[in-house]
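Remarks on the structure that follows.
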Amino acid sequence: MKLIEVPRVKSISKKDFRKYYLKPQKPVVIESLEEQWPAHSKWSLKYMKAVAGDKIVPLYDDRPVRHDDGFNEPHAQMRMAEYIDLLEREPTKYRIFLWNILKEVPELQKDFTYPDFGIRLFKHVPMLFFGGRDSHTFMHYDIDLANIFHFHFQGEKECILFPQSERKYLYKVPHSLITHESIDFSNPDYAQWPALKMATGYKARLRHGEVLFMPEGYWHHMKYITPGFSMSLRALARSPKNLARASYNILFMRHFDVLMRKLKGQQWIDWKNEKAIKRTDSVLA
């Protein structure tokens with residue numbers, strides 16, 4: 001894969017952000033945006049354990065998708081305090097995914113404000129993501145193809161990004177938002193996945209206090225180098241094409257996939273994975 005470093009800026013004005021990154025839909029890391037937030041000095045695993053330790057949190061790992069899995073259905077649950085103890089004690093594949101902090105711990109809203117990027121942010125769905133050392137997400141894009149601002153806290157996280165234009169090289173699974181789950185994007189096997197050599201994308205290493213802007217529909221793979229967590233704020237896709245695709249994903253695609261899992265079982269999942277390989281490798285012919 002041809003991965004270039006995501007550009008970095010110490011800070012940026014709304015005018016320059018819109019001109020150089022939002023309008024051309026290019027990623028950027030902003031290094032000091034959070035510094036004025038109380039969250040910058042307060043938010044840590046220890047702090048989250050103190051304010052949310054009794055909350056039951058949904059956990060996900062990297063097991064392959066099965067036909068009987070529900071849409072975004074967690075693989076396990078435990079108290080936040082127990083989960084943070086696990087993160088600090090040993091490596092674990094368990095991650096927290098799409099945890100709505102305003103719903104679960106409303107007082108955390110006092111620790112941050114919604115920055116003015118010149119684009120309207122959704123105010124009621126700030127989501128937290130936690131992971132242990134070496135845990136990772138599958139390469140995927142978000143169902144609503146939103147513009148995403150990904151704020152990182154504690155530790156380090158490796159991010160690999162691709163624009164939608166590269167999907168033909170990524171072994172995208174049909175009727176889904178993911179690539180083939182067997183691919184290790186941190187160390188890809190090009191003999192098994194030869195089309196990946198053609199893909200051009202970005203990489204970034206996020207540290208505490210940094211925010212990554214991911215444009216509409218960008219594919220992203222996140223790997224936790226150390227235990228840590230992030231918060232995503234999002235804004236509606238502005239491109240009519242992406243809005244149409246988001247509507248299709250939400251209103252039709254996910255429901256069709258659930259129906260086919262019920263009708264065909266694991267055969268449906270296996271067919272999709274095989275199709276991902278055949279379609280992608282055909283671009284090399």
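Order determines the names: the first chain of the structure tokens is A, the second B, and so forth; residues in each chain are numbered 1 upward, and ligands are numbered 1 upward as they are shown.
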
Determine, using only C-alpha atoms, which residues of stretch 74-170 of chain A have any atom at most 10 Å from an atom of stretch 270-277 of chain A, and tabulate each with its shortest atom pair and distance in Å to one decimal place, rows ordered by chain and then rising number, as a Markdown table.
```
| residue | atom | partner | partner_atom | distance |
| --- | --- | --- | --- | --- |
| A:Lys168 | CA | A:Ala276 | CA | 9.6 |
| A:Tyr169 | CA | A:Ile277 | CA | 9.9 |
| A:Leu170 | CA | A:Ala276 | CA | 8.7 |
```

Selection export as a PDB file, in the first residue's frame, atoms kept: all heavy atoms:
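The result, written out as out.pdb:
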```
ATOM      1  N   LYS A 168     -11.955  -0.086  -4.845  1.00  0.00           N
ATOM      2  CA  LYS A 168     -11.772  -1.187  -5.811  1.00  0.00           C
ATOM      3  C   LYS A 168     -10.548  -2.025  -5.507  1.00  0.00           C
ATOM      4  O   LYS A 168     -10.415  -3.146  -6.010  1.00  0.00           O
ATOM      5  CB  LYS A 168     -11.686  -0.627  -7.232  1.00  0.00           C
ATOM      6  CG  LYS A 168     -10.567   0.369  -7.477  1.00  0.00           C
ATOM      7  CD  LYS A 168     -10.649   0.935  -8.877  1.00  0.00           C
ATOM      8  CE  LYS A 168      -9.626   2.033  -9.141  1.00  0.00           C
ATOM      9  NZ  LYS A 168      -9.917   3.268  -8.344  1.00  0.00           N
ATOM     10  N   TYR A 169      -9.626  -1.501  -4.674  1.00  0.00           N
ATOM     11  CA  TYR A 169      -8.416  -2.246  -4.320  1.00  0.00           C
ATOM     12  C   TYR A 169      -8.467  -2.839  -2.910  1.00  0.00           C
ATOM     13  O   TYR A 169      -7.511  -3.489  -2.487  1.00  0.00           O
ATOM     14  CB  TYR A 169      -7.197  -1.323  -4.386  1.00  0.00           C
ATOM     15  CG  TYR A 169      -6.991  -0.644  -5.711  1.00  0.00           C
ATOM     16  CD1 TYR A 169      -6.916   0.751  -5.795  1.00  0.00           C
ATOM     17  CD2 TYR A 169      -6.857  -1.378  -6.887  1.00  0.00           C
ATOM     18  CE1 TYR A 169      -6.718   1.383  -7.017  1.00  0.00           C
ATOM     19  CE2 TYR A 169      -6.666  -0.747  -8.109  1.00  0.00           C
ATOM     20  CZ  TYR A 169      -6.601   0.633  -8.164  1.00  0.00           C
ATOM     21  OH  TYR A 169      -6.404   1.262  -9.375  1.00  0.00           O
ATOM     22  N   LEU A 170      -9.542  -2.612  -2.179  1.00  0.00           N
ATOM     23  CA  LEU A 170      -9.550  -2.894  -0.736  1.00  0.00           C
ATOM     24  C   LEU A 170     -10.264  -4.182  -0.341  1.00  0.00           C
ATOM     25  O   LEU A 170     -10.381  -4.471   0.844  1.00  0.00           O
ATOM     26  CB  LEU A 170     -10.188  -1.714   0.014  1.00  0.00           C
ATOM     27  CG  LEU A 170      -9.484  -0.365  -0.120  1.00  0.00           C
ATOM     28  CD1 LEU A 170     -10.224   0.710   0.680  1.00  0.00           C
ATOM     29  CD2 LEU A 170      -8.022  -0.451   0.319  1.00  0.00           C
TER      30      LEU A 170
END
```

Contacts of A:Gln77 within 9 Å, only C-alpha atoms, excl. fewer than 4 positions in-chain, as a list in words: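 The neighbour list is Ile56, Val57, Pro58, Leu59, Tyr60 and Tyr83 of chain A.
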
Neighbour list for A:Arg254 as an NGL selection string, cut-off 8 Å, only C-alpha atoms, skip fewer than 4 positions in-chain: :A and (71 or 175-176 or 249-250 or 258)

Nearest candidate to A:Asn187 (options A:Ala204, A:Leu251, A:Ile160, A:Leu243; using only C-alpha atoms): A:Ile160

Expected answer as a PyMOL selection string: strand (DSSP E or B) residues in stretch 22-159 of chain A: chain A and resi 28-30+56-60+76-79+95-100+121+127-131+136+140+147-153+156-159

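The interatomic distance for the pair atom CA of A:Val9 and atom CA of A:His208 works out to 15.0 Å.
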